[in-house]
$ cat query31.tsv   # TSV, C-alpha atoms and all ligand atoms
chain	number	residue	atom	x	y	z
A	606	MET	CA	-8.87	5.20	31.96
A	607	SER	CA	-6.98	3.62	29.09
A	608	ILE	CA	-3.68	1.77	28.82
A	609	PRO	CA	-1.00	4.34	27.95
A	610	LEU	CA	0.78	3.96	24.60
A	611	SER	CA	4.46	4.46	23.88
A	612	GLU	CA	5.50	7.54	21.90
A	613	ARG	CA	7.00	5.25	19.27
A	614	VAL	CA	3.77	3.40	18.62
A	615	SER	CA	1.91	6.67	18.09
A	616	THR	CA	4.03	7.20	14.95
A	617	LEU	CA	2.71	3.99	13.35
A	618	ARG	CA	0.01	3.96	10.68
A	619	PRO	CA	-2.01	1.06	9.26
A	620	THR	CA	-0.76	-0.23	5.92
A	621	ALA	CA	-2.57	0.98	2.78
A	622	VAL	CA	-4.18	-2.43	2.30
A	623	ASN	CA	-5.55	-2.40	5.86
A	624	SER	CA	-6.94	1.14	5.52
A	625	ILE	CA	-8.65	0.26	2.24
A	626	LEU	CA	-10.06	-2.96	3.72
A	627	ALA	CA	-11.86	-0.85	6.34
A	628	GLU	CA	-13.53	1.11	3.50
A	629	VAL	CA	-14.36	-2.08	1.60
A	630	ARG	CA	-16.19	-3.49	4.65
A	631	ALA	CA	-18.50	-0.48	4.57
A	632	VAL	CA	-19.61	-1.26	1.00
A	633	THR	CA	-22.73	-3.43	1.09
A	634	THR	CA	-22.76	-4.69	-2.54
A	635	PRO	CA	-20.35	-7.49	-3.62
A	636	VAL	CA	-16.91	-6.24	-4.67
A	637	VAL	CA	-14.10	-7.80	-6.68
A	638	SER	CA	-10.62	-7.30	-5.26
A	639	LEU	CA	-7.50	-6.71	-7.32
A	640	MET	CA	-5.76	-5.31	-4.26
A	641	ARG	CA	-3.67	-7.83	-2.38
A	642	GLY	CA	-0.28	-9.37	-3.00
A	643	GLU	CA	-1.65	-12.73	-1.98
A	644	PRO	CA	-1.21	-15.54	-4.53
A	645	ASP	CA	-4.42	-17.51	-5.05
A	646	LEU	CA	-2.30	-20.52	-6.08
A	647	LYS	CA	-1.90	-23.39	-3.64
A	648	THR	CA	1.33	-24.29	-1.87
A	649	PRO	CA	2.75	-27.17	-3.97
A	650	ALA	CA	1.68	-30.62	-2.69
A	651	HIS	CA	5.20	-31.92	-1.96
A	652	ILE	CA	5.79	-28.99	0.44
A	653	VAL	CA	2.47	-29.54	2.22
A	654	GLU	CA	3.26	-33.26	2.50
A	655	ALA	CA	6.68	-32.47	3.98
A	656	ALA	CA	4.99	-30.41	6.72
A	657	GLN	CA	2.49	-33.21	7.37
A	658	ARG	CA	5.32	-35.75	7.64
A	659	ALA	CA	7.24	-33.48	9.99
A	660	LEU	CA	4.19	-33.03	12.20
A	661	ALA	CA	3.51	-36.79	12.22
A	662	ASN	CA	7.15	-37.34	13.20
A	663	GLY	CA	6.75	-35.09	16.23
A	664	ARG	CA	8.68	-32.09	14.90
A	665	THR	CA	6.69	-29.84	17.20
A	666	GLY	CA	9.22	-28.71	19.79
A	667	TYR	CA	11.21	-25.47	19.89
A	668	ALA	CA	13.27	-24.90	16.78
A	669	ASP	CA	16.90	-23.82	16.90
A	670	ASN	CA	16.37	-20.09	17.40
A	671	ARG	CA	18.74	-19.25	14.53
A	672	GLY	CA	16.67	-21.56	12.34
A	673	GLU	CA	17.08	-25.31	11.93
A	674	ILE	CA	20.53	-26.01	10.50
A	675	LYS	CA	19.06	-28.05	7.60
A	676	LEU	CA	17.04	-25.04	6.52
A	677	ARG	CA	19.97	-22.64	6.91
A	678	GLU	CA	22.03	-25.00	4.74
A	679	ALA	CA	19.21	-25.14	2.18
A	680	VAL	CA	19.14	-21.32	2.12
A	681	ALA	CA	22.94	-21.15	1.71
A	682	SER	CA	22.81	-23.62	-1.22
A	683	LYS	CA	19.94	-21.72	-2.83
A	684	LEU	CA	21.77	-18.39	-2.51
A	685	ALA	CA	24.94	-19.87	-4.03
A	686	ARG	CA	23.05	-21.66	-6.82
A	687	GLU	CA	20.51	-19.01	-7.83
A	688	ASN	CA	21.93	-15.71	-6.58
A	689	SER	CA	25.69	-16.32	-6.96
A	690	VAL	CA	26.40	-15.18	-3.42
A	691	ARG	CA	27.91	-17.27	-0.62
A	692	TYR	CA	26.86	-17.13	3.02
A	693	ASP	CA	27.99	-19.38	5.86
A	694	PRO	CA	24.91	-21.26	7.17
A	695	ALA	CA	26.47	-21.46	10.65
A	696	SER	CA	26.95	-17.74	11.20
A	697	GLU	CA	25.57	-15.64	8.34
A	698	ILE	CA	21.96	-16.82	7.93
A	699	LEU	CA	18.97	-16.43	10.22
A	700	ILE	CA	15.53	-17.96	9.64
A	701	THR	CA	12.65	-15.53	10.25
A	702	PRO	CA	8.85	-15.66	10.33
A	703	GLY	CA	8.47	-14.14	6.85
A	704	ALA	CA	10.24	-11.20	5.24
A	705	THR	CA	8.33	-8.72	7.41
A	706	PHE	CA	10.10	-9.88	10.54
A	707	GLY	CA	13.45	-9.95	8.73
A	708	ILE	CA	12.99	-6.30	7.75
A	709	HIS	CA	11.99	-5.44	11.31
A	710	ILE	CA	15.03	-7.03	12.97
A	711	ALA	CA	17.43	-5.68	10.33
A	712	LEU	CA	16.19	-2.14	10.96
A	713	SER	CA	16.04	-2.56	14.73
A	714	ALA	CA	19.57	-3.93	14.83
A	715	MET	CA	21.12	-1.00	12.93
A	716	LEU	CA	19.12	2.16	13.64
A	717	ASN	CA	19.43	4.77	16.36
A	718	PRO	CA	16.94	7.56	17.03
A	719	GLY	CA	17.51	10.36	14.52
A	720	ASP	CA	18.97	8.12	11.80
A	721	HIS	CA	17.60	8.39	8.26
A	722	VAL	CA	16.71	5.50	5.95
A	723	LEU	CA	16.35	6.00	2.20
A	724	VAL	CA	13.30	4.35	0.66
A	725	PRO	CA	12.21	4.47	-2.98
A	726	ASP	CA	9.11	6.55	-3.71
A	727	PRO	CA	6.65	4.93	-4.43
A	728	VAL	CA	7.49	2.61	-1.53
A	729	TYR	CA	6.04	-0.66	-0.25
A	730	ASP	CA	4.37	1.19	2.61
A	731	ALA	CA	4.94	-1.47	5.27
A	732	TYR	CA	8.62	-0.40	5.34
A	733	LEU	CA	7.76	2.89	7.01
A	734	SER	CA	6.47	1.79	10.40
A	735	PRO	CA	9.42	-0.44	11.38
A	736	ILE	CA	11.75	2.46	10.52
A	737	ARG	CA	9.75	4.74	12.82
A	738	LEU	CA	9.47	2.05	15.50
A	739	ALA	CA	13.26	2.10	15.62
A	740	GLY	CA	13.11	5.88	16.21
A	741	ALA	CA	14.46	6.68	12.73
A	742	GLU	CA	13.00	8.61	9.78
A	743	PRO	CA	12.33	7.38	6.23
A	744	ARG	CA	13.60	9.67	3.44
A	745	ALA	CA	11.91	9.27	0.07
A	746	VAL	CA	14.07	8.83	-3.02
A	747	ALA	CA	12.10	10.35	-5.90
A	748	SER	CA	11.52	8.21	-8.96
A	749	SER	CA	10.44	9.00	-12.47
A	750	ILE	CA	8.62	7.07	-15.17
A	751	VAL	CA	11.00	6.73	-18.11
A	752	ASP	CA	9.80	4.79	-21.17
A	753	GLY	CA	6.90	3.30	-19.17
A	754	ARG	CA	9.17	2.15	-16.34
A	755	PHE	CA	9.71	3.58	-12.85
A	756	THR	CA	13.36	4.25	-12.15
A	757	ILE	CA	15.51	6.13	-9.64
A	758	SER	CA	18.53	8.20	-10.60
A	759	LEU	CA	21.79	8.97	-8.87
A	760	GLU	CA	20.65	12.59	-8.63
A	761	SER	CA	17.54	11.61	-6.66
A	762	LEU	CA	19.61	9.39	-4.37
A	763	GLU	CA	21.98	12.29	-3.72
A	764	ALA	CA	19.08	14.69	-3.17
A	765	ALA	CA	17.54	12.40	-0.53
A	766	ARG	CA	20.78	11.68	1.31
A	767	THR	CA	21.59	13.51	4.55
A	768	PRO	CA	24.52	13.23	6.97
A	769	GLN	CA	22.20	11.09	9.15
A	770	THR	CA	21.52	8.55	6.39
A	771	LYS	CA	22.47	5.13	7.66
A	772	ALA	CA	20.65	2.69	5.40
A	773	MET	CA	18.70	2.26	2.20
A	774	LEU	CA	15.81	-0.18	1.76
A	775	LEU	CA	15.63	-1.45	-1.79
A	776	ASN	CA	13.10	-3.83	-3.23
A	777	THR	CA	13.85	-5.58	-6.51
A	778	PRO	CA	11.57	-6.58	-8.22
A	779	TRP	CA	10.01	-3.40	-6.87
A	780	ASN	CA	6.54	-3.46	-5.29
A	781	PRO	CA	4.44	-1.52	-6.28
A	782	THR	CA	6.03	-0.41	-9.57
A	783	GLY	CA	7.07	-3.72	-11.17
A	784	THR	CA	10.59	-2.53	-12.01
A	785	VAL	CA	13.38	-5.12	-11.93
A	786	PHE	CA	16.55	-3.10	-11.39
A	787	THR	CA	19.21	-3.78	-14.00
A	788	ARG	CA	22.80	-4.65	-13.18
A	789	ALA	CA	23.89	-1.11	-14.15
A	790	GLU	CA	21.23	0.47	-11.93
A	791	LEU	CA	22.17	-1.76	-8.99
A	792	GLU	CA	25.87	-1.06	-9.50
A	793	ALA	CA	25.15	2.68	-9.37
A	794	ILE	CA	23.06	2.27	-6.20
A	795	GLY	CA	25.72	-0.03	-4.70
A	796	ASP	CA	28.53	2.46	-5.45
A	797	PHE	CA	26.43	5.23	-3.92
A	798	CYS	CA	26.00	3.14	-0.73
A	799	ILE	CA	29.69	2.25	-0.55
A	800	ARG	CA	30.78	5.87	-1.16
A	801	ASN	CA	28.47	7.19	1.54
A	802	ASN	CA	28.84	4.42	4.11
A	803	ILE	CA	25.19	3.39	3.76
A	804	THR	CA	23.96	-0.14	4.54
A	805	LEU	CA	21.85	-1.65	1.77
A	806	ILE	CA	18.86	-3.74	2.85
A	807	ALA	CA	17.74	-5.71	-0.20
A	808	ASP	CA	14.23	-7.17	-0.06
A	809	GLU	CA	14.14	-9.80	-2.82
A	810	ILE	CA	10.77	-11.38	-2.09
A	811	TYR	CA	9.55	-11.19	-5.73
A	812	GLU	CA	12.81	-12.52	-7.22
A	813	ALA	CA	11.21	-15.60	-8.81
A	814	ILE	CA	8.48	-13.66	-10.60
A	815	VAL	CA	10.18	-11.93	-13.53
A	816	TYR	CA	9.08	-11.58	-17.16
A	817	ASP	CA	10.39	-11.06	-20.69
A	818	GLY	CA	13.91	-12.20	-19.94
A	819	ASN	CA	14.41	-9.69	-17.12
A	820	VAL	CA	16.89	-11.12	-14.65
A	821	HIS	CA	16.81	-10.64	-10.90
A	822	ILE	CA	20.20	-9.64	-9.54
A	823	SER	CA	20.97	-9.89	-5.86
A	824	PRO	CA	22.88	-6.72	-4.85
A	825	PRO	CA	25.33	-8.49	-2.47
A	826	ALA	CA	26.43	-10.64	-5.43
A	827	LEU	CA	27.81	-7.54	-7.21
A	828	SER	CA	31.01	-7.17	-5.19
A	829	ASP	CA	32.61	-8.21	-1.89
A	830	GLU	CA	32.55	-4.58	-0.84
A	831	LEU	CA	28.78	-4.38	-1.35
A	832	ARG	CA	28.19	-7.79	0.24
A	833	ALA	CA	30.00	-6.51	3.34
A	834	ARG	CA	27.43	-3.73	3.75
A	835	SER	CA	24.31	-5.55	2.57
A	836	VAL	CA	21.51	-7.35	4.36
A	837	LEU	CA	19.63	-9.73	2.08
A	838	ILE	CA	15.99	-10.33	2.99
A	839	ASN	CA	13.80	-12.98	1.41
A	840	ALA	CA	10.93	-15.35	2.19
A	841	LEU	CA	9.17	-18.32	0.68
A	842	SER	CA	5.86	-16.42	0.81
A	843	LYS	CA	5.50	-15.43	-2.85
A	844	THR	CA	7.84	-17.89	-4.63
A	845	TYR	CA	6.05	-20.99	-3.29
A	846	ALA	CA	2.63	-19.46	-2.51
A	847	MET	CA	3.36	-19.81	1.21
A	848	THR	CA	2.20	-16.43	2.58
A	849	GLY	CA	0.46	-17.96	5.60
A	850	TRP	CA	3.32	-20.26	6.57
A	851	ARG	CA	5.42	-17.35	7.82
A	852	VAL	CA	8.90	-18.43	6.83
A	853	GLY	CA	11.76	-16.41	5.39
A	854	TYR	CA	15.41	-15.60	5.98
A	855	VAL	CA	18.05	-12.90	6.29
A	856	ALA	CA	21.66	-13.23	5.17
A	857	ALA	CA	24.38	-10.80	6.21
A	858	PRO	CA	27.90	-10.67	7.66
A	859	ALA	CA	28.18	-12.71	10.88
A	860	ALA	CA	28.46	-9.84	13.39
A	861	PHE	CA	25.26	-8.27	12.09
A	862	VAL	CA	23.43	-11.62	12.02
A	863	GLN	CA	24.43	-12.05	15.66
A	864	ALA	CA	22.81	-8.68	16.50
A	865	MET	CA	19.59	-9.59	14.65
A	866	PHE	CA	19.66	-12.98	16.36
A	867	LEU	CA	19.62	-11.29	19.78
A	868	ILE	CA	16.39	-9.53	18.83
A	869	LEU	CA	14.79	-12.59	17.23
A	870	GLN	CA	15.73	-14.82	20.15
A	871	GLN	CA	13.94	-12.49	22.54
A	872	SER	CA	10.87	-11.82	20.46
A	873	SER	CA	9.61	-14.41	17.97
A	874	ARG	CA	12.08	-17.35	18.27
A	875	GLY	CA	11.43	-18.13	14.62
A	876	PRO	CA	8.95	-20.19	12.61
A	877	ALA	CA	7.51	-23.52	13.77
A	878	THR	CA	9.86	-26.50	13.47
A	879	PHE	CA	7.65	-28.45	11.04
A	880	VAL	CA	7.29	-25.32	8.87
A	881	GLN	CA	11.09	-25.07	8.70
A	882	ASP	CA	11.33	-28.72	7.61
A	883	ALA	CA	8.84	-28.06	4.81
A	884	ALA	CA	10.70	-24.89	3.80
A	885	ALA	CA	13.94	-26.90	3.44
A	886	VAL	CA	12.09	-29.33	1.16
A	887	ALA	CA	10.80	-26.38	-0.89
A	888	LEU	CA	14.30	-24.94	-1.40
A	889	ASN	CA	16.10	-28.25	-1.97
A	890	GLY	CA	13.39	-29.92	-4.05
A	891	PRO	CA	12.38	-29.64	-7.71
A	892	GLN	CA	11.68	-26.08	-8.82
A	893	ASP	CA	9.14	-26.89	-11.58
A	894	CYS	CA	6.36	-25.55	-9.32
A	895	VAL	CA	8.04	-22.11	-9.37
A	896	ALA	CA	8.29	-22.18	-13.17
A	897	GLU	CA	4.61	-23.18	-13.39
A	898	MET	CA	3.53	-20.31	-11.16
A	899	ARG	CA	5.67	-17.89	-13.18
A	900	ALA	CA	3.97	-19.15	-16.36
A	901	GLU	CA	0.56	-18.56	-14.77
A	902	TYR	CA	1.48	-14.99	-13.71
A	903	THR	CA	2.85	-14.38	-17.20
A	904	LYS	CA	-0.58	-15.20	-18.67
A	905	ARG	CA	-2.36	-13.00	-16.14
A	906	ARG	CA	0.02	-10.12	-16.82
A	907	ALA	CA	-0.72	-10.41	-20.54
A	908	LEU	CA	-4.45	-10.23	-19.76
A	909	VAL	CA	-4.01	-7.10	-17.61
A	910	LEU	CA	-1.96	-5.42	-20.32
A	911	SER	CA	-4.38	-6.28	-23.12
A	912	GLU	CA	-7.42	-5.15	-21.08
A	913	LEU	CA	-5.96	-1.94	-19.66
A	914	ARG	CA	-3.37	-0.92	-22.24
A	915	GLU	CA	-5.50	2.00	-23.44
A	916	GLN	CA	-6.14	3.06	-19.85
A	917	GLY	CA	-2.40	3.44	-19.23
A	918	ALA	CA	-1.28	0.04	-17.87
A	919	LEU	CA	2.51	-0.07	-17.56
A	920	SER	CA	4.15	-3.39	-18.29
A	921	PRO	CA	5.68	-4.81	-15.08
A	922	GLU	CA	9.10	-6.45	-15.42
A	923	GLY	CA	8.54	-8.47	-12.25
A	924	GLY	CA	6.14	-9.14	-9.36
A	925	PHE	CA	2.39	-9.48	-9.69
A	926	PHE	CA	1.27	-5.86	-9.78
A	927	ALA	CA	0.71	-3.59	-12.76
A	928	MET	CA	0.68	0.18	-12.34
A	929	VAL	CA	-1.91	2.00	-14.40
A	930	ASP	CA	-0.79	5.50	-15.31
A	931	ALA	CA	-4.01	7.51	-14.97
A	932	ARG	CA	-2.33	10.91	-14.63
A	933	SER	CA	-4.06	12.18	-17.77
A	934	LEU	CA	-7.44	11.96	-15.97
A	935	GLY	CA	-6.46	14.91	-13.78
A	936	VAL	CA	-8.16	13.31	-10.76
A	937	SER	CA	-6.28	12.21	-7.61
A	938	SER	CA	-5.51	8.51	-7.45
A	939	ASN	CA	-7.39	8.20	-4.16
A	940	GLU	CA	-10.51	9.71	-5.73
A	941	ILE	CA	-10.25	7.31	-8.68
A	942	ARG	CA	-9.82	4.39	-6.28
A	943	ARG	CA	-12.88	5.48	-4.25
A	944	ARG	CA	-15.02	5.80	-7.35
A	945	LEU	CA	-13.89	2.42	-8.65
A	946	LEU	CA	-14.89	0.93	-5.30
A	947	THR	CA	-18.19	2.65	-4.68
A	948	GLU	CA	-19.52	2.97	-8.25
A	949	PHE	CA	-17.90	-0.03	-9.98
A	950	GLY	CA	-17.36	-2.50	-7.10
A	951	VAL	CA	-13.66	-3.15	-7.70
A	952	VAL	CA	-10.79	-2.68	-5.25
A	953	VAL	CA	-7.33	-1.48	-6.29
A	954	VAL	CA	-4.73	0.56	-4.38
A	955	HIS	CA	-4.20	4.23	-5.24
A	956	GLY	CA	-0.60	5.00	-6.10
A	957	ALA	CA	-0.47	7.91	-3.64
A	958	ALA	CA	-0.81	5.36	-0.80
A	959	TYR	CA	2.80	4.47	-1.65
A	960	GLY	CA	4.05	8.06	-1.59
A	961	PRO	CA	3.86	11.18	-3.76
A	962	GLY	CA	5.74	9.36	-6.54
A	963	GLY	CA	2.73	7.09	-6.99
A	964	GLU	CA	0.20	9.91	-7.40
A	965	GLY	CA	-1.89	9.59	-10.54
A	966	THR	CA	-1.35	5.84	-10.75
A	967	LEU	CA	-3.27	2.78	-9.54
A	968	ARG	CA	-1.81	-0.55	-8.47
A	969	VAL	CA	-3.68	-3.50	-9.94
A	970	SER	CA	-2.80	-6.91	-8.51
A	971	PHE	CA	-2.90	-10.08	-10.58
A	972	ALA	CA	-1.96	-12.32	-7.67
A	973	ALA	CA	-5.55	-13.56	-8.01
A	974	GLY	CA	-6.54	-14.87	-11.45
A	975	GLY	CA	-9.48	-16.59	-13.13
A	976	ALA	CA	-12.94	-15.05	-12.91
A	977	THR	CA	-11.81	-12.57	-10.22
A	978	LEU	CA	-9.19	-11.09	-12.52
A	979	GLU	CA	-11.44	-11.07	-15.60
A	980	GLU	CA	-14.36	-9.42	-13.82
A	981	GLY	CA	-12.09	-7.05	-11.87
A	982	LEU	CA	-10.36	-5.86	-15.04
A	983	ARG	CA	-13.72	-5.38	-16.76
A	984	ARG	CA	-14.82	-3.14	-13.88
A	985	VAL	CA	-11.56	-1.17	-13.72
A	986	LYS	CA	-11.74	-0.55	-17.46
A	987	ALA	CA	-15.41	0.51	-17.37
A	988	GLY	CA	-14.67	2.78	-14.39
A	989	LEU	CA	-11.66	4.47	-15.95
A	990	ILE	CA	-13.57	5.04	-19.20
A	991	ALA	CA	-16.45	6.60	-17.24
A	992	ILE	CA	-14.14	8.80	-15.15
A	993	ALA	CA	-12.42	10.02	-18.33
A	994	GLN	CA	-15.72	11.30	-19.76
B	1001	LIG	C1	8.03	-5.94	-0.95
B	1001	LIG	C2	7.48	-6.86	0.07
B	1001	LIG	N1	8.26	-7.25	1.10
B	1001	LIG	C3	7.77	-8.04	2.07
B	1001	LIG	C4	6.47	-8.50	2.03
B	1001	LIG	C5	5.96	-9.36	3.17
B	1001	LIG	O1	6.51	-10.64	3.11
B	1001	LIG	P1	6.15	-11.76	4.17
B	1001	LIG	O2	4.74	-12.17	3.94
B	1001	LIG	O3	7.12	-12.86	3.88
B	1001	LIG	O4	6.35	-11.19	5.53
B	1001	LIG	C6	5.63	-8.14	0.98
B	1001	LIG	C7	4.22	-8.61	0.95
B	1001	LIG	O5	3.37	-8.10	0.25
B	1001	LIG	C8	6.14	-7.29	-0.02
B	1001	LIG	O6	5.38	-6.90	-1.04
$ encode --input "query31.tsv" --output "structure tokens"
Amino acid sequence: MSIPLSERVSTLRPTAVNSILAEVRAVTTPVVSLMRGEPDLKTPAHIVEAAQRALANGRTGYADNRGEIKLREAVASKLARENSVRYDPASEILITPGATFGIHIALSAMLNPGDHVLVPDPVYDAYLSPIRLAGAEPRAVASSIVDGRFTISLESLEAARTPQTKAMLLNTPWNPTGTVFTRAELEAIGDFCIRNNITLIADEIYEAIVYDGNVHISPPALSDELRARSVLINALSKTYAMTGWRVGYVAAPAAFVQAMFLILQQSSRGPATFVQDAAAVALNGPQDCVAEMRAEYTKRRALVLSELREQGALSPEGGFFAMVDARSLGVSSNEIRRRLLTEFGVVVVHGAAYGPGGEGTLRVSFAAGGATLEEGLRRVKAGLIAIAQ
């Protein structure tokens, strides 16, 4: 006798990272991990102190379920200042426990069974289950590597579109590929969405981590027409090394925020009150800590590129992952990943875990640095050289 499961839950799969972790646990020798998107940097001290102060001041009761107004105002100011897009903190912003929950309520609030959602291929794989949980189907938008950079074309968007297509999930900077979409690319995607009555869900969680003068552009900032059909998702997780704090936000037109609010109110009720106080301090306070972290990732990225250039490392424009193009080895990415784990003791993610568009590539994370990164890169390099022979 077992507890019966819903049909919807039977469509869910563990994320790539979770599946690989199960394999890693079975390896008995020590391994080095270049797998996770988890910064090894500490949350800046002034943010930690703000949480401590809030706790000491008894900020431990229920939060406003929309998010504390001070934090919503801090988000509105940040979006106006950094992203050139205006949202009303009273009605157009909702505070969520991380970006993951924001994505979940955005999808749940708009999808009906049978709807289709366009996702880039390769895709951040945790997008797929919340689409299926809402009874809808993801549709992969094929990408290609042009001049060492993953990109998606208007033709591939058109090829993936169906009459049931209701939304597109876009991630810029794009995990896992490292592409920061240019203004022209985003305008083309935005026009496509407007022409075809498609809602654009923009996950901007890596916005602060961009390199070489690449600029993050927030799609809803492109035009009022696009803003009207966009849902902006973000979190403090990566920008301030706050992955475990579980705090993020969604911004969208008021009627849609109200629908997401109904779901949030009756599920999570949002992040802890003292966490929200600290998040407001993070957004309103000095941003030197963000610049320092970006400088650190810039150094790590340079190390990855110098170590793995000959093995096919592609230069990421943003985020803290580098894709290694190992297609010339003629071995599946999953097989390469397994051999790197079992023979060389290093963990990366195979590109195919993110969809057929990732086949032949490996995702190497430099969210962890120092000795982990140096030793991990040494092992990846030795492994790829051995596999090539
Ligand atoms: C593209 C993308 N969106 C969302 C998330 C999850 O964000 P959060 O921890 O704020 O839920 C991640 C984490 O790896 C990510 O890579």
$ residues_around --input "query31.tsv" --residues "segment 647-661 of chain A" --least-positions-apart "4" --cutoff "9 Å" --atoms "all atoms listed in the file" --output "ChimeraX atom specification"
/A:665,845-847,878-887,890,894
$ residues_around --input "query31.tsv" --residues "Leu888 of chain A" --least-positions-apart "5" --cutoff "8 Å" --atoms "only C-alpha atoms" --output "MDAnalysis selection string"
chainID A and resid 679:680 683
$ residues_near_ligand --input "query31.tsv" --ligand "ligand LIG 1001 (chain B)" --cutoff "8 Å" --atoms "all atoms listed in the file" --output "PyMOL selection string"
chain A and resi 641-643+702-708+729+731+776+779-781+808-811+839-843+848-849+851-853
$ write_last_selection --input "query31.tsv" --atoms "C-alpha atoms" --output "short mmCIF file (atom, residue, chain, number, x, y, z; two decimals), keeping the file's coordinate frame"
data_model
loop_
_atom_site.label_atom_id
_atom_site.label_comp_id
_atom_site.auth_asym_id
_atom_site.auth_seq_id
_atom_site.Cartn_x
_atom_site.Cartn_y
_atom_site.Cartn_z
CA ARG A 641 -3.67 -7.83 -2.38
CA GLY A 642 -0.28 -9.37 -3.00
CA GLU A 643 -1.65 -12.73 -1.98
CA PRO A 702 8.85 -15.66 10.33
CA GLY A 703 8.47 -14.14 6.85
CA ALA A 704 10.24 -11.20 5.24
CA THR A 705 8.33 -8.72 7.41
CA PHE A 706 10.10 -9.88 10.54
CA GLY A 707 13.45 -9.95 8.73
CA ILE A 708 12.99 -6.30 7.75
CA TYR A 729 6.04 -0.66 -0.25
CA ALA A 731 4.94 -1.47 5.27
CA ASN A 776 13.10 -3.83 -3.23
CA TRP A 779 10.01 -3.40 -6.87
CA ASN A 780 6.54 -3.46 -5.29
CA PRO A 781 4.44 -1.52 -6.28
CA ASP A 808 14.23 -7.17 -0.06
CA GLU A 809 14.14 -9.80 -2.82
CA ILE A 810 10.77 -11.38 -2.09
CA TYR A 811 9.55 -11.19 -5.73
CA ASN A 839 13.80 -12.98 1.41
CA ALA A 840 10.93 -15.35 2.19
CA LEU A 841 9.17 -18.32 0.68
CA SER A 842 5.86 -16.42 0.81
CA LYS A 843 5.50 -15.43 -2.85
CA THR A 848 2.20 -16.43 2.58
CA GLY A 849 0.46 -17.96 5.60
CA ARG A 851 5.42 -17.35 7.82
CA VAL A 852 8.90 -18.43 6.83
CA GLY A 853 11.76 -16.41 5.39
#
$ atom_distance --input "query31.tsv" --atom1 "atom CA of His821 of chain A" --atom2 "atom CA of Met865 of chain A"
25.7 Å
$ atom_distance --input "query31.tsv" --atom1 "atom CA of Arg664 of chain A" --atom2 "atom CA of Trp850 of chain A"
15.4 Å
$ atom_distance --input "query31.tsv" --atom1 "atom CA of Arg691 of chain A" --atom2 "atom CA of Leu712 of chain A"
22.4 Å
$ residues_near_point --input "query31.tsv" --point "(1.3, 4.2, 4.2)" --cutoff "8 Å" --atoms "all atoms listed in the file" --output "PyMOL selection string"
chain A and resi 618-621+730-731+733+958-960
$ closest_residue --input "query31.tsv" --among "A:Ser682, A:Leu617, A:Leu699, A:Glu628" --to "Ala864 of chain A" --atoms "all atoms listed in the file"
A:Leu699
$ residues_around --input "query31.tsv" --residues "Thr634 of chain A" --least-positions-apart "5" --cutoff "12 Å" --atoms "all atoms listed in the file" --output "tab-separated table (two decimals) with C-alpha atoms, keeping the file's coordinate frame"
chain	number	residue	atom	x	y	z
A	629	VAL	CA	-14.36	-2.08	1.60
A	946	LEU	CA	-14.89	0.93	-5.30
A	947	THR	CA	-18.19	2.65	-4.68
A	948	GLU	CA	-19.52	2.97	-8.25
A	949	PHE	CA	-17.90	-0.03	-9.98
A	950	GLY	CA	-17.36	-2.50	-7.10
A	951	VAL	CA	-13.66	-3.15	-7.70
$ closest_residue --input "query31.tsv" --among "A:Asn717, A:Thr804, A:Asn889, A:Ser761" --to "Arg677 of chain A" --atoms "only C-alpha atoms"
A:Asn889
$ residues_around --input "query31.tsv" --residues "Leu908 of chain A" --least-positions-apart "5" --cutoff "12 Å" --atoms "all atoms listed in the file" --output "list in words"
Glu901, Tyr902, Thr903, Leu913, Arg914, Ala918, Ser920, Ala927, Val969, Ser970, Phe971, Gly974, Gly975, Ala976, Leu978, Glu979, Glu980, Gly981, Leu982 and Arg983 of chain A
$ closest_residue --input "query31.tsv" --among "A:Arg788, A:Arg874, A:Arg943, A:Arg613" --to "Ile625 of chain A" --atoms "all atoms listed in the file"
A:Arg943
$ residues_around --input "query31.tsv" --residues "Gln870 of chain A" --least-positions-apart "6" --cutoff "10 Å" --atoms "only C-alpha atoms" --output "MDAnalysis selection string"
chainID A and resid 669:671
$ write_last_selection --input "query31.tsv" --atoms "C-alpha atoms" --output "compact mmCIF listing (two decimals), in the coordinates of the input"
# COMPACT_ATOMS: atom_id res chain seq x y z
CA ASP A 669 16.90 -23.82 16.90
CA ASN A 670 16.37 -20.09 17.40
CA ARG A 671 18.74 -19.25 14.53
$ residues_near_point --input "query31.tsv" --point "(-3.2, 3.0, -6.1)" --cutoff "6 Å" --atoms "only C-alpha atoms" --output "ChimeraX atom specification"
/A:954-956,966-968
$ closest_atom_pairs --input "query31.tsv" --of "segment 911-958 of chain A" --to "segment 745-752 of chain A" --cutoff "12 Å" --atoms "all atoms listed in the file" --output "tab-separated table"
residue	atom	partner	partner_atom	distance
A:Leu919	CA	A:Asp752	CA	9.5
A:Ser920	CA	A:Asp752	CA	10.4
A:Met928	CA	A:Ile750	CA	10.9
A:Val929	CA	A:Ile750	CA	11.7
A:Asp930	CA	A:Ile750	CA	9.5
A:Arg932	CA	A:Ile750	CA	11.6
$ decode --input "query31.tsv" --residues "segment 834-845 of chain A" --atoms "C-alpha atoms" --output "mmCIF file, in the first residue's frame"
data_model
loop_
_atom_site.group_PDB
_atom_site.id
_atom_site.type_symbol
_atom_site.label_atom_id
_atom_site.label_comp_id
_atom_site.auth_asym_id
_atom_site.auth_seq_id
_atom_site.Cartn_x
_atom_site.Cartn_y
_atom_site.Cartn_z
ATOM 1 C CA ARG A 834 3.306 41.292 -21.848
ATOM 2 C CA SER A 835 6.414 40.600 -19.763
ATOM 3 C CA VAL A 836 6.979 39.061 -16.367
ATOM 4 C CA LEU A 837 10.364 39.981 -14.902
ATOM 5 C CA ILE A 838 11.854 37.437 -12.510
ATOM 6 C CA ASN A 839 14.916 38.049 -10.369
ATOM 7 C CA ALA A 840 16.436 37.169 -7.002
ATOM 8 C CA LEU A 841 19.265 38.254 -4.753
ATOM 9 C CA SER A 842 20.667 34.702 -4.805
ATOM 10 C CA LYS A 843 23.570 35.155 -7.237
ATOM 11 C CA THR A 844 24.139 38.940 -7.176
ATOM 12 C CA TYR A 845 24.748 39.074 -3.412
#
